[in-house]
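The file entry_31.cif contains mmCIF, C-alpha atoms:
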data_query
#
loop_
_atom_site.label_atom_id
_atom_site.label_comp_id
_atom_site.auth_asym_id
_atom_site.auth_seq_id
_atom_site.Cartn_x
_atom_site.Cartn_y
_atom_site.Cartn_z
CA MET G 22 12.98 -61.79 -57.62
CA SER G 23 13.97 -58.83 -55.45
CA LEU G 24 11.58 -56.27 -56.89
CA PHE G 25 8.79 -58.80 -57.06
CA THR G 26 9.35 -59.70 -53.42
CA ARG G 27 9.42 -56.05 -52.57
CA SER G 28 6.07 -55.41 -54.24
CA LEU G 29 4.70 -58.39 -52.36
CA LEU G 30 5.99 -56.99 -49.10
CA ARG G 31 4.52 -53.62 -49.93
CA ALA G 32 1.20 -55.26 -50.63
CA ALA G 33 1.43 -57.20 -47.40
CA GLY G 34 2.09 -53.96 -45.55
CA ARG G 35 -1.32 -52.67 -46.52
CA PRO G 36 -4.25 -53.21 -44.19
CA THR G 37 -5.59 -56.12 -46.14
CA THR G 38 -7.91 -58.53 -44.43
CA PHE G 39 -7.52 -61.43 -46.78
CA ALA G 40 -9.63 -64.43 -46.00
CA PRO G 41 -10.14 -66.60 -49.03
CA THR G 42 -13.82 -67.41 -49.34
CA THR G 43 -13.04 -70.45 -51.41
CA SER G 44 -10.14 -72.83 -51.54
CA ARG G 45 -10.94 -73.83 -55.10
CA ILE G 46 -7.93 -73.56 -57.35
CA THR G 47 -8.70 -73.46 -61.01
CA PRO G 48 -6.49 -75.75 -63.04
CA LEU G 49 -4.56 -73.85 -65.66
CA PRO G 50 -6.20 -74.31 -69.03
CA SER G 51 -3.15 -75.19 -71.05
CA LEU G 52 0.58 -75.37 -71.14
CA LEU G 53 0.64 -73.00 -74.08
CA PHE G 54 2.75 -70.35 -72.37
CA SER G 55 4.33 -72.40 -69.63
CA ARG G 56 7.63 -73.21 -71.27
CA TYR G 57 9.75 -70.81 -69.24
CA LEU G 58 7.89 -70.71 -65.97
CA SER G 59 10.24 -71.85 -63.20
CA ASP G 60 8.96 -73.40 -59.98
CA SER G 61 10.12 -70.44 -57.94
CA THR G 62 8.34 -67.96 -60.20
CA ARG G 63 5.21 -70.07 -60.13
CA ALA G 64 5.34 -70.21 -56.33
CA ALA G 65 5.82 -66.42 -56.15
CA ILE G 66 2.84 -65.83 -58.43
CA ASP G 67 0.76 -68.37 -56.46
CA LYS G 68 1.44 -66.18 -53.46
CA ALA G 69 0.71 -62.97 -55.38
CA VAL G 70 -2.73 -64.05 -56.61
CA ALA G 71 -3.61 -65.02 -53.04
CA THR G 72 -2.59 -61.63 -51.59
CA SER G 73 -6.15 -60.27 -51.74
CA PRO G 74 -9.52 -61.48 -52.97
CA VAL G 75 -9.16 -59.15 -55.96
CA VAL G 76 -5.75 -58.95 -57.60
CA LEU G 77 -4.86 -56.98 -60.71
CA PHE G 78 -1.59 -57.37 -62.55
CA MET G 79 -1.12 -54.09 -64.37
CA LYS G 80 1.34 -51.68 -65.94
CA GLY G 81 1.99 -48.87 -63.50
CA THR G 82 0.08 -48.26 -60.28
CA PRO G 83 -3.63 -47.59 -59.67
CA GLU G 84 -2.70 -43.94 -59.07
CA PHE G 85 -0.44 -43.74 -62.12
CA PRO G 86 -1.32 -46.38 -64.70
CA GLN G 87 1.24 -46.64 -67.48
CA CYS G 88 -1.08 -48.07 -70.10
CA GLY G 89 -4.59 -47.23 -71.28
CA PHE G 90 -5.87 -50.76 -70.81
CA SER G 91 -4.60 -50.92 -67.23
CA ARG G 92 -6.15 -47.50 -66.59
CA ALA G 93 -9.50 -48.64 -67.97
CA SER G 94 -9.43 -51.77 -65.80
CA ILE G 95 -8.74 -49.76 -62.65
CA GLN G 96 -11.62 -47.45 -63.54
CA VAL G 97 -14.00 -50.39 -63.94
CA LEU G 98 -12.99 -51.80 -60.54
CA GLY G 99 -13.66 -48.35 -59.08
CA LEU G 100 -17.04 -48.06 -60.78
CA GLN G 101 -18.00 -51.49 -59.50
CA GLY G 102 -17.19 -50.37 -55.98
CA VAL G 103 -14.53 -52.95 -55.18
CA ASP G 104 -13.37 -52.56 -51.59
CA PRO G 105 -9.82 -51.14 -51.62
CA LYS G 106 -9.08 -53.25 -48.55
CA LYS G 107 -9.79 -56.37 -50.59
CA PHE G 108 -7.73 -55.29 -53.55
CA THR G 109 -4.07 -55.48 -54.48
CA ALA G 110 -2.39 -54.31 -57.66
CA PHE G 111 0.96 -55.57 -58.88
CA ASN G 112 3.01 -53.42 -61.19
CA VAL G 113 4.56 -55.79 -63.73
CA LEU G 114 6.83 -53.02 -65.01
CA GLU G 115 8.74 -53.26 -61.74
CA ASP G 116 9.73 -56.83 -62.30
CA GLU G 117 10.59 -58.52 -65.57
CA GLU G 118 10.26 -61.98 -64.03
CA LEU G 119 6.70 -61.22 -62.96
CA ARG G 120 5.92 -59.56 -66.29
CA GLN G 121 6.88 -62.65 -68.28
CA GLY G 122 5.88 -65.17 -65.63
CA ILE G 123 2.29 -63.99 -65.24
CA LYS G 124 1.69 -64.37 -68.97
CA GLU G 125 2.70 -67.99 -68.80
CA TYR G 126 1.00 -68.59 -65.47
CA SER G 127 -2.37 -67.43 -66.82
CA SER G 128 -1.85 -68.59 -70.42
CA TRP G 129 -2.62 -65.01 -71.30
CA PRO G 130 -0.16 -62.94 -73.33
CA THR G 131 -1.26 -59.45 -72.34
CA ILE G 132 -1.46 -57.18 -69.29
CA PRO G 133 -3.69 -56.28 -67.39
CA GLN G 134 -4.96 -59.51 -65.85
CA LEU G 135 -7.62 -59.82 -63.16
CA TYR G 136 -7.87 -62.53 -60.52
CA VAL G 137 -10.79 -62.92 -58.13
CA ASN G 138 -10.34 -65.39 -55.29
CA LYS G 139 -7.33 -66.83 -57.10
CA GLU G 140 -9.34 -67.51 -60.22
CA PHE G 141 -8.24 -65.91 -63.46
CA ILE G 142 -11.08 -63.80 -64.87
CA GLY G 143 -9.55 -62.20 -67.94
CA GLY G 144 -8.02 -59.08 -69.44
CA CYS G 145 -9.31 -55.61 -70.15
CA ASP G 146 -11.77 -56.52 -72.93
CA ILE G 147 -13.35 -59.23 -70.81
CA LEU G 148 -13.64 -56.86 -67.85
CA MET G 149 -15.33 -54.25 -70.05
CA SER G 150 -17.69 -56.78 -71.54
CA MET G 151 -18.61 -58.24 -68.14
CA HIS G 152 -19.00 -54.73 -66.75
CA THR G 153 -21.50 -53.83 -69.47
CA SER G 154 -23.44 -57.08 -69.23
CA GLY G 155 -23.71 -56.98 -65.44
CA GLU G 156 -21.78 -60.24 -65.02
CA LEU G 157 -18.94 -58.45 -63.24
CA ALA G 158 -21.28 -56.98 -60.63
CA ASP G 159 -22.67 -60.47 -59.98
CA LEU G 160 -19.19 -61.93 -59.73
CA PHE G 161 -18.01 -59.28 -57.24
CA GLU G 162 -21.22 -59.58 -55.26
CA LYS G 163 -20.81 -63.35 -54.95
CA ALA G 164 -17.14 -63.01 -54.11
CA ASP G 165 -18.06 -60.52 -51.38
CA VAL G 166 -15.45 -57.98 -52.40
CA LEU G 167 -17.59 -54.84 -52.72
CA ALA G 168 -17.21 -51.98 -50.30
CA ALA G 169 -19.97 -51.90 -47.72
CA GLY G 170 -22.02 -48.86 -46.84
CA GLU G 171 -23.63 -45.99 -48.63
CA GLU G 172 -23.44 -45.56 -52.35
CA THR G 173 -21.60 -42.31 -52.82
CA GLY G 174 -20.47 -40.45 -55.86
CA PRO G 175 -22.13 -39.98 -59.21
CA GLU G 176 -20.24 -42.87 -60.77
CA THR G 177 -21.90 -45.57 -58.72
CA ALA G 178 -25.31 -43.97 -59.19
CA LYS G 179 -24.93 -44.26 -62.94
CA ASN G 180 -24.14 -47.92 -62.80
CA PRO G 181 -27.39 -49.87 -63.29
CA ALA G 182 -25.84 -53.00 -61.79
CA GLN G 183 -25.49 -51.32 -58.41
CA PRO G 184 -28.36 -51.31 -55.94
CA THR G 185 -29.72 -47.79 -55.82
CA ASP G 186 -31.89 -48.02 -52.76
CA GLY G 187 -30.27 -46.44 -49.76
CA MET Q 10 -4.86 -55.81 -121.79
CA SER Q 11 -8.42 -56.34 -120.59
CA THR Q 12 -9.66 -54.61 -117.45
CA ALA Q 13 -10.06 -57.94 -115.68
CA THR Q 14 -6.49 -58.98 -116.41
CA PHE Q 15 -5.22 -55.61 -115.29
CA ARG Q 16 -7.15 -55.86 -112.03
CA ARG Q 17 -5.77 -59.33 -111.43
CA LEU Q 18 -2.26 -58.09 -112.06
CA LEU Q 19 -2.77 -55.23 -109.64
CA ALA Q 20 -4.07 -57.63 -107.02
CA THR Q 21 -1.04 -59.87 -107.41
CA MET Q 22 1.29 -56.91 -107.06
CA ALA Q 23 -0.56 -55.81 -103.94
CA THR Q 24 -0.08 -59.18 -102.23
CA ALA Q 25 3.53 -59.44 -103.26
CA THR Q 26 4.42 -56.12 -101.67
CA SER Q 27 1.82 -55.88 -98.95
CA ASN Q 28 2.05 -52.87 -96.68
CA THR Q 29 0.22 -54.81 -94.03
CA PRO Q 30 1.97 -58.17 -93.60
CA MET Q 31 0.84 -58.57 -89.99
CA GLU Q 32 -2.79 -57.74 -90.76
CA ASP Q 33 -2.72 -60.19 -93.66
CA LEU Q 34 -1.31 -62.88 -91.41
CA ILE Q 35 -3.93 -62.28 -88.72
CA ARG Q 36 -6.67 -62.39 -91.33
CA ARG Q 37 -5.41 -65.65 -92.76
CA LYS Q 38 -4.88 -67.45 -89.44
CA VAL Q 39 -8.19 -66.39 -87.88
CA THR Q 40 -10.15 -67.10 -91.04
CA GLU Q 41 -8.63 -70.56 -91.38
CA ALA Q 42 -9.19 -71.54 -87.77
CA LEU Q 43 -12.60 -70.03 -87.05
CA ASN Q 44 -14.34 -69.67 -90.40
CA PRO Q 45 -15.95 -66.44 -89.17
CA LYS Q 46 -19.31 -65.20 -90.36
CA THR Q 47 -17.95 -61.66 -90.16
CA PHE Q 48 -14.44 -60.52 -89.32
CA GLU Q 49 -13.09 -56.99 -89.12
CA ILE Q 50 -9.54 -55.92 -88.33
CA PHE Q 51 -8.82 -52.43 -87.13
CA ASN Q 52 -5.24 -51.24 -87.00
CA ASP Q 53 -5.05 -48.76 -84.11
CA SER Q 54 -1.25 -48.55 -84.10
CA HIS Q 55 -1.13 -44.88 -85.03
CA LYS Q 56 -3.06 -44.05 -81.84
CA HIS Q 57 -0.35 -45.61 -79.71
CA ALA Q 58 2.76 -44.78 -81.73
CA HIS Q 59 3.98 -42.24 -79.22
CA HIS Q 60 3.70 -44.08 -75.94
CA GLU Q 61 6.75 -45.30 -74.10
CA PRO Q 62 6.82 -49.00 -75.08
CA MET Q 63 6.75 -48.03 -78.77
CA ARG Q 64 9.93 -45.98 -78.52
CA GLY Q 65 12.36 -47.25 -81.14
CA SER Q 66 9.70 -49.33 -82.87
CA THR Q 67 9.31 -48.75 -86.58
CA SER Q 68 6.44 -51.16 -87.07
CA LYS Q 69 3.14 -49.71 -88.20
CA GLU Q 70 1.38 -52.88 -87.09
CA THR Q 71 1.54 -53.10 -83.30
CA HIS Q 72 -1.99 -52.43 -82.00
CA PHE Q 73 -4.96 -54.31 -83.41
CA ARG Q 74 -8.64 -54.61 -82.66
CA LEU Q 75 -10.43 -57.68 -83.96
CA VAL Q 76 -14.18 -58.03 -84.20
CA ILE Q 77 -14.99 -61.65 -84.92
CA THR Q 78 -18.37 -63.32 -85.23
CA SER Q 79 -18.13 -67.07 -85.52
CA ASN Q 80 -20.11 -70.20 -84.72
CA ALA Q 81 -16.88 -71.65 -83.36
CA PHE Q 82 -17.44 -69.60 -80.17
CA GLU Q 83 -20.72 -71.35 -79.40
CA GLY Q 84 -20.84 -72.54 -75.79
CA GLN Q 85 -17.45 -71.05 -74.88
CA PRO Q 86 -16.82 -68.49 -72.14
CA LEU Q 87 -15.13 -65.27 -73.26
CA ARG Q 88 -11.88 -66.29 -71.67
CA LEU Q 89 -11.64 -69.41 -73.78
CA ARG Q 90 -12.48 -67.51 -76.97
CA HIS Q 91 -9.73 -65.00 -76.32
CA GLN Q 92 -7.30 -67.76 -75.47
CA THR Q 93 -8.03 -69.40 -78.80
CA ILE Q 94 -7.09 -66.20 -80.65
CA TYR Q 95 -4.02 -65.66 -78.49
CA GLY Q 96 -2.99 -69.23 -79.26
CA LEU Q 97 -3.28 -68.62 -83.00
CA LEU Q 98 -1.14 -65.48 -82.76
CA LYS Q 99 1.22 -66.66 -80.05
CA GLU Q 100 4.43 -66.14 -82.01
CA GLU Q 101 3.39 -62.79 -83.40
CA MET Q 102 2.59 -61.54 -79.89
CA ALA Q 103 5.78 -62.86 -78.33
CA MET Q 104 8.25 -61.65 -80.93
CA GLU Q 105 10.16 -58.39 -80.71
CA GLY Q 106 8.40 -55.71 -82.74
CA GLY Q 107 5.35 -57.93 -83.15
CA ILE Q 108 1.81 -57.38 -81.87
CA HIS Q 109 1.92 -55.26 -78.71
CA ALA Q 110 -1.79 -55.01 -77.97
CA LEU Q 111 -4.78 -56.97 -79.20
CA GLN Q 112 -8.35 -55.94 -78.42
CA LEU Q 113 -10.90 -58.63 -79.04
CA LYS Q 114 -14.63 -58.74 -79.56
CA THR Q 115 -15.67 -62.35 -79.98
CA ARG Q 116 -19.31 -63.19 -80.50
CA THR Q 117 -21.47 -65.94 -81.91
CA PRO Q 118 -23.92 -64.92 -84.68
CA ALA Q 119 -26.79 -65.24 -82.17
CA GLU Q 120 -25.05 -62.98 -79.65
CA GLU Q 121 -24.28 -60.43 -82.32
CA GLU Q 122 -27.91 -60.35 -83.41
CA ARG Q 123 -29.13 -59.98 -79.83
CA GLN Q 124 -26.73 -57.12 -79.11
CA GLU Q 125 -27.53 -55.31 -82.30
CA LYS Q 126 -31.24 -55.54 -81.60
CA LYS Q 127 -30.60 -54.16 -78.12
CA ASN Q 128 -28.59 -51.27 -79.56
CA GLU Q 129 -31.40 -50.35 -81.89
CA GLU Q 130 -33.90 -50.06 -79.05
#
Mind turning the file's structure into structure tokens?
Amino acid sequence: MSLFTRSLLRAAGRPTTFAPTTSRITPLPSLLFSRYLSDSTRAAIDKAVATSPVVLFMKGTPEFPQCGFSRASIQVLGLQGVDPKKFTAFNVLEDEELRQGIKEYSSWPTIPQLYVNKEFIGGCDILMSMHTSGELADLFEKADVLAAGEETGPETAKNPAQPTDG
Amino acid sequence: MSTATFRRLLATMATATSNTPMEDLIRRKVTEALNPKTFEIFNDSHKHAHHEPMRGSTSKETHFRLVITSNAFEGQPLRLRHQTIYGLLKEEMAMEGGIHALQLKTRTPAEEERQEKKNEE
């Protein structure tokens, strides 16, 4: 629990302005992976997914991802223009309890995992697919998690889902 | 020995000493559960053999990419489709030296047709 708590504290130390826009909690789809999930781990993960509107459980850090799929997910969030102030990443490699627990919590056996407003969205493939189809832009728009202001940088200009008028 | 008999014998030998037990298992489980219209398995393990989590692993079947087109996905969100596959391969993904990464492309025949048409344009 110690490392997990520490990453939580670190996340809390950031200038996050977390105000959940919805109190809806999605019921977990199945008990498929929930055999080993203790109440304390579940409570800790409940807290983790509520840290920011956008939460990514990943291997490594946004600056130094330790896995190609985590790296790709971070890149997509960047391309979409997610507001860093509304985003928290948890490094599952820092905490074995979190690493195993999150798989059971989400009924999802792989990392990375994305949550938006406490709702599980999916893993890397789903992010990529939603990014391409434009669904992800809609989702982020509705969730009000995109950075405000001018579109800067060539990346955002290339993204057809982003408004291009300035 | 006729050519047909020889071929059959070869096929039997191939299954008995398969070099790809995990791939075979994935193929069987997915095919049984989803009756896919098309189903491709790509073994990408060699691309990831040198990264840290694979240290000490001797398995040549750790990273897979599945491209599945099935009517069973009709009306399901992506998340549910992926969860179905994960459920089928739960043990293989959880076990030591089993599947480490699984990329999924899950489409209905209609979605596949739409996307392919779009790609041609």
Which residues of chain G come within 12 Å of chain Q, and for each one, what is the closest pair of atoms and their distance in Å to one decimal, counting all atoms listed in the file, sorted by chain and residue number, as a tab-separated table?
residue	atom	partner	partner_atom	distance
G:Leu49	CA	Q:Leu89	CA	11.7
G:Pro50	CA	Q:Leu89	CA	8.7
G:Ser51	CA	Q:Gln92	CA	9.6
G:Leu52	CA	Q:Gly96	CA	10.8
G:Leu53	CA	Q:Gly96	CA	7.4
G:Phe54	CA	Q:Lys99	CA	8.7
G:Lys80	CA	Q:Pro62	CA	11.0
G:Gln87	CA	Q:Glu61	CA	8.7
G:Cys88	CA	Q:His60	CA	8.5
G:Gly89	CA	Q:His57	CA	9.6
G:Phe90	CA	Q:Ala110	CA	9.3
G:Ser91	CA	Q:Ala110	CA	11.8
G:Leu114	CA	Q:Pro62	CA	10.8
G:Gln121	CA	Q:Ala103	CA	10.1
G:Lys124	CA	Q:Ala103	CA	10.3
G:Glu125	CA	Q:Ala103	CA	11.3
G:Ser127	CA	Q:Gln92	CA	10.0
G:Ser128	CA	Q:Gln92	CA	7.5
G:Trp129	CA	Q:Gln92	CA	6.8
G:Pro130	CA	Q:Tyr95	CA	7.0
G:Thr131	CA	Q:Ala110	CA	7.2
G:Ile132	CA	Q:Ala110	CA	9.0
G:Pro133	CA	Q:Ala110	CA	10.8
G:Gln134	CA	Q:Arg88	CA	11.3
G:Leu135	CA	Q:Arg88	CA	11.5
G:Glu140	CA	Q:Arg88	CA	11.8
G:Phe141	CA	Q:Arg88	CA	9.0
G:Ile142	CA	Q:Arg88	CA	7.3
G:Gly143	CA	Q:Arg88	CA	6.0
G:Gly144	CA	Q:Arg88	CA	8.5
G:Cys145	CA	Q:Gln112	CA	8.3
G:Asp146	CA	Q:Gln112	CA	6.5
G:Ile147	CA	Q:Leu87	CA	6.8
G:Leu148	CA	Q:Leu87	CA	10.1
G:Met149	CA	Q:Lys114	CA	10.5
G:Ser150	CA	Q:Lys114	CA	8.8
G:Met151	CA	Q:Leu87	CA	9.4
G:Thr153	CA	Q:Gln124	CA	11.5
G:Ser154	CA	Q:Gln124	CA	10.4
G:Glu156	CA	Q:Leu87	CA	11.7
Could the residues in this selection be saved with C-alpha atoms as a short mmCIF file (atom, residue, chain, number, x, y, z; two decimals), in the frame of the given file?
data_model
loop_
_atom_site.label_atom_id
_atom_site.label_comp_id
_atom_site.auth_asym_id
_atom_site.auth_seq_id
_atom_site.Cartn_x
_atom_site.Cartn_y
_atom_site.Cartn_z
CA LEU G 49 -4.56 -73.85 -65.66
CA PRO G 50 -6.20 -74.31 -69.03
CA SER G 51 -3.15 -75.19 -71.05
CA LEU G 52 0.58 -75.37 -71.14
CA LEU G 53 0.64 -73.00 -74.08
CA PHE G 54 2.75 -70.35 -72.37
CA LYS G 80 1.34 -51.68 -65.94
CA GLN G 87 1.24 -46.64 -67.48
CA CYS G 88 -1.08 -48.07 -70.10
CA GLY G 89 -4.59 -47.23 -71.28
CA PHE G 90 -5.87 -50.76 -70.81
CA SER G 91 -4.60 -50.92 -67.23
CA LEU G 114 6.83 -53.02 -65.01
CA GLN G 121 6.88 -62.65 -68.28
CA LYS G 124 1.69 -64.37 -68.97
CA GLU G 125 2.70 -67.99 -68.80
CA SER G 127 -2.37 -67.43 -66.82
CA SER G 128 -1.85 -68.59 -70.42
CA TRP G 129 -2.62 -65.01 -71.30
CA PRO G 130 -0.16 -62.94 -73.33
CA THR G 131 -1.26 -59.45 -72.34
CA ILE G 132 -1.46 -57.18 -69.29
CA PRO G 133 -3.69 -56.28 -67.39
CA GLN G 134 -4.96 -59.51 -65.85
CA LEU G 135 -7.62 -59.82 -63.16
CA GLU G 140 -9.34 -67.51 -60.22
CA PHE G 141 -8.24 -65.91 -63.46
CA ILE G 142 -11.08 -63.80 -64.87
CA GLY G 143 -9.55 -62.20 -67.94
CA GLY G 144 -8.02 -59.08 -69.44
CA CYS G 145 -9.31 -55.61 -70.15
CA ASP G 146 -11.77 -56.52 -72.93
CA ILE G 147 -13.35 -59.23 -70.81
CA LEU G 148 -13.64 -56.86 -67.85
CA MET G 149 -15.33 -54.25 -70.05
CA SER G 150 -17.69 -56.78 -71.54
CA MET G 151 -18.61 -58.24 -68.14
CA THR G 153 -21.50 -53.83 -69.47
CA SER G 154 -23.44 -57.08 -69.23
CA GLU G 156 -21.78 -60.24 -65.02
#
Next item on the list: Convert the output of the PyMOL selection byres ((chain Q and resi 71) around 7) on the shown file into explicit residues, formatted as a ChimeraX atom specification.
Entry: /Q:54,68-70,72-73,107-110
Item checked: Between CA of Gln85 in chain Q and CA of Glu120 in chain Q, distance in Å (one decimal) ->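 For CA of Gln85 in chain Q relative to CA of Glu120 in chain Q, the distance reads 12.1 Å.
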Next item on the list: Compare G:Pro74, G:Gly122, G:Ile95, G:Glu84 by their minimum atom-to-atom distance to Asp165 in chain G, counting only C-alpha atoms, and give me the closest one.
Entry: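 Among G:Pro74, G:Gly122, G:Ile95, G:Glu84, it is G:Pro74 that comes nearest to Asp165 in chain G.
When CA of Asn112 in chain G is paired with CA of Leu98 in chain G, their separation reads 16.1 Å.
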Result set, the PyMOL selection byres ((chain Q and resi 77) around 10) on current file, as an mmCIF file with C-alpha atoms, keeping the file's coordinate frame:
data_model
loop_
_atom_site.group_PDB
_atom_site.id
_atom_site.type_symbol
_atom_site.label_atom_id
_atom_site.label_comp_id
_atom_site.auth_asym_id
_atom_site.auth_seq_id
_atom_site.Cartn_x
_atom_site.Cartn_y
_atom_site.Cartn_z
ATOM 1 C CA VAL Q 39 -8.190 -66.390 -87.880
ATOM 2 C CA THR Q 40 -10.150 -67.100 -91.040
ATOM 3 C CA LEU Q 43 -12.600 -70.030 -87.050
ATOM 4 C CA ASN Q 44 -14.340 -69.670 -90.400
ATOM 5 C CA PRO Q 45 -15.950 -66.440 -89.170
ATOM 6 C CA LYS Q 46 -19.310 -65.200 -90.360
ATOM 7 C CA THR Q 47 -17.950 -61.660 -90.160
ATOM 8 C CA PHE Q 48 -14.440 -60.520 -89.320
ATOM 9 C CA GLU Q 49 -13.090 -56.990 -89.120
ATOM 10 C CA ILE Q 50 -9.540 -55.920 -88.330
ATOM 11 C CA ARG Q 74 -8.640 -54.610 -82.660
ATOM 12 C CA LEU Q 75 -10.430 -57.680 -83.960
ATOM 13 C CA VAL Q 76 -14.180 -58.030 -84.200
ATOM 14 C CA THR Q 78 -18.370 -63.320 -85.230
ATOM 15 C CA SER Q 79 -18.130 -67.070 -85.520
ATOM 16 C CA ASN Q 80 -20.110 -70.200 -84.720
ATOM 17 C CA PHE Q 82 -17.440 -69.600 -80.170
ATOM 18 C CA LEU Q 113 -10.900 -58.630 -79.040
ATOM 19 C CA LYS Q 114 -14.630 -58.740 -79.560
ATOM 20 C CA THR Q 115 -15.670 -62.350 -79.980
ATOM 21 C CA ARG Q 116 -19.310 -63.190 -80.500
ATOM 22 C CA THR Q 117 -21.470 -65.940 -81.910
ATOM 23 C CA PRO Q 118 -23.920 -64.920 -84.680
ATOM 24 C CA GLU Q 121 -24.280 -60.430 -82.320
#
Margin query: As an exercise, work out the distance from CA of Ile66 in chain G to CA of Leu119 in chain G in Å and give it to one decimal place.
Written below: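 Computing it gives 7.5 Å between the two atoms.
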Margin query: Here is a test: counting all atoms listed in the file, which residue of Q:Met63, Q:Ala81, Q:Ala58, Q:Asp53 is nearest to Ile94 in chain Q?
Written below: Q:Ala81
Item checked: For Phe161 in chain G, the nearest of the candidates G:Ala110, G:Val97, G:Phe78, G:Asp116, counting all atoms listed in the file ->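 Ranking G:Ala110, G:Val97, G:Phe78, G:Asp116 by distance to Phe161 in chain G, first place goes to G:Val97.
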